[in-house]
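**Q** Before anything else, here's the structure in question.
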Amino acid sequence: MPKLTYTDPTGEARELRFNRRVTIGRHPSQDLQLLDRVVSKEHALIEERTGHFVLRDNGSRNGMTVNGEPVAGSRTLNHLDKVTIGSSVVTFHADLAESKALRTQVAISLEREDGVIRTRHREDSNRLFVKADQFADVEQLRGDYEKLRIANELNQALSLEFDLGQLLNKILEKAFEMFAADRGVIFLMNQETGEIEPAASRSKFEELSAGRAIRVSATILKEVVEEKAAVLSSDAAMDSRFSGSKSIIMQGIKSTMSVPLLYRDRLLGIIHLDSQMTRGAFAQKDLALLSGFANQAAYAIEHSSLVAKTQKDLLAREQLSRLLPIELVDQVMAGKVNIQRGGDLRDATVLFADIRGFTQLSESARPTDVVSMLNEYFEVMVEVVFKHGGTLDKFIGDALMAVWGAPIAIEDHVGKAVRAAIEMQEAVRLLNLERSARGDMALAIGIGVNTGEMVAGYMGSTRAMAFTVIGDTVNTASRLCSKAAPNEVLVSEPVAYEAETRFTLEELAPLELKGKANVVQVYRVTGFRDSDSTASFVRRSGVGSTAPQTKPSP
């Protein structure tokens with residue numbers, strides 16, 4: 001199975017294994033997400049084409065290089081090629097030489113059956129093995145024992161192998177040790193197309209190195225798929241069931257053995273062995289043995305797929321957890337909530353929080369102390385955002401931007417955002433108690449909140465997040481934040497209209513905001529109407545009166 005190796009933004013080395021295709025870009029839906037402002041949402045695609053892998057540029061703005069050479073459109077990837085996209089270097093590993101040219105090594109011959117296949121009945125394998133005291137042929141007993149020994153070795157090896165490509169090759173290797181097979185192919189079911197496709201092959205002859213394909217009869221494969229039962233033929237060229245199968249006769253195959261890979265009655269693929277040299281190379285006991293460890297192989301294949309899916313899900317969960325509260329992450333991963341690609345118009349509420357006097361603070365402190373302070377501060381702020389169902393949009397220096405109602409719609413996004421703003425001020429107060437005990441300088445933040453229509457989508461321009469919201473509503477919230485005094489929460493008139501019944505507000509003089517043609521009516525949030533915390537919030541923050549206000553004009 002091919003893989004990509006790269007270093008994530010934290011400096012940790014990672015790898016991503018894939019089967020036939022992998023997508024690369026800034027969008028969270030991509031198999032490999034690169035959080036880089038110069039990387040497009042759907043930057044590139046690597047896919048298998050007739051036995052080799054091709055890197056394709058999806059019309060990205062900034063392009064990419066392979067081993068330092070610019071990629072124009074698409075190009076074939078070779079083992080250990082280095083793909084540079086933005087600031088990321090991704091190395092392509094074609095681990096399995098067989099899989100690189102597998103589609104040229106195996107061909108399914110499509111001849112007409114014309115009703116020649118008859119339903120095959122499963123045979124009772126218990127009758128194929130006699131009791132020890134009834135066995136007369138010692139050499140045959142030795143041979144059967146050796147097959148059982150190899151089958152046991154395989155079963156043990158399967159439980160330790162998680163790489164699908166190596167797993168399939170190991171199955172064929174042991175199958176050749178166990179049976180008098182000249183050629184073998186493992187087919188896997190493509191879950192997207194519902195068709196079986198070659199995934200591994202092996203031959204005693206030089207046909208693979210000479211570029212000649214192993215031709216496997218569609219007639220045999222069709223019966224195994226439809227009946228989910230093993231097919232054994234002592235002389236395939238003479239077997240009446242395959243009388244219309246020209247590919248068998250043309251190749252002179254004398255013995256074939258094909259067994260389904262079944263996981264809880266679900267067909268994962270087929271193990272196919274054949275012999276061109278020996279008539280009757282496979283017996284019923286061989287079929288029983290092959291079917292037995294095919295069952296074990298099916299469990300191992302399913303386990304390998306689950307491990308790969310788990311690794312991919314963990315990476316996706318890690319990326320989403322930086323953006324959404326854990327409750328929403330769980331819903332997205334479970335498929336209960338769908339995050340749409342691109343931008344769409346949303347009615348949502350956006351909040352900006354900014355440390356006051358940060359420039360002076362950073363000038364008087366060591367850079368390492370400033371970074372430590374910001375990490376401590378943001379940890380507290382993000383916890384409040386997620387507690388109230390918000391989405392973390394991005395960090396902008398010492399500022400934080402959060403959204404309620406995008407990318408996932410939620411009820412009462414205005415109320416939750418305002419409540420979060422008040423709790424942020426309280427969280428900073430508690431944080432300052434800890435900082436003061438350590439002798440550190442106290443922090444003060446100003447917050448601006450606005451609500452309305454905005455375009456929300458995965459259009460980000462920072463390394464931290466791919467998701468963002470844009471529009472006049474967002475710009476106004478940012479301007480309100482810039483006007484907020486230390487320990488102050490300023491909201492727009494639409495927010496005040498929605499929040500007045502639950503929060504105490506103070507109407508301020510209209511403000512001129514940068515980029516706005518007209519003055520904007522602004523309100524200061526002073527506390528909760530339904531809680532004893534109203535007075536304490538006013539006293540701690542030092543803002544004005546808590547007298548109830550009349551309802552603002554919509």
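By convention here, the chains of the structure tokens are called A, B, ... in the order presented, each chain's residues are numbered starting at 1, and ligands are numbered starting at 1 in the order presented.
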For Ala509 (chain A), work out the shell of residues within 9 Å, counting only C-alpha atoms and skipping chain neighbours fewer than 2 positions away, then give it as a PyMOL selection string.

**A** chain A and resi 507+511+520-523

**Q** May I have the residues within 6 Å of region 388-393 of chain A as a list in words, using only C-alpha atoms and disregarding those fewer than 2 positions away in the same chain?

**A**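 Result of the neighbour search: Leu323, Leu324, Val385, Phe386, Met401, Ala402, Val403, Trp404, Lys416 and Thr468 of chain A.
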
**Q** Report as a PyMOL selection string: the residues of region 411-527 of chain A with a DSSP assignment of strand (DSSP E or B), based on the backbone of this structure.

**A** chain A and resi 445-457+468-470+488-492+503-507+511+520+522-527

**Q** Would you compute the distance between CA of Arg502 (chain A) and CA of Thr526 (chain A)? Give it in Å to one decimal.

**A**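 Here the two named atoms are 11.1 Å from each other.
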
**Q** From a backbone DSSP assignment, name each residue in region 410-539 of chain A labelled alpha helix (DSSP H), as a ChimeraX atom specification.

**A** /A:413-438,472-483,493-499,533-539

**Q** When you look at region 344-356 of chain A with a cut-off of 8 Å (counting only C-alpha atoms), what residues show up, excluding the ones that are within fewer than 6 positions of it in the same chain? I need them as a PyMOL selection string.

**A** chain A and resi 398-406+409+413-414+417+421+443-457+473-474+477-478+481-482+485-486
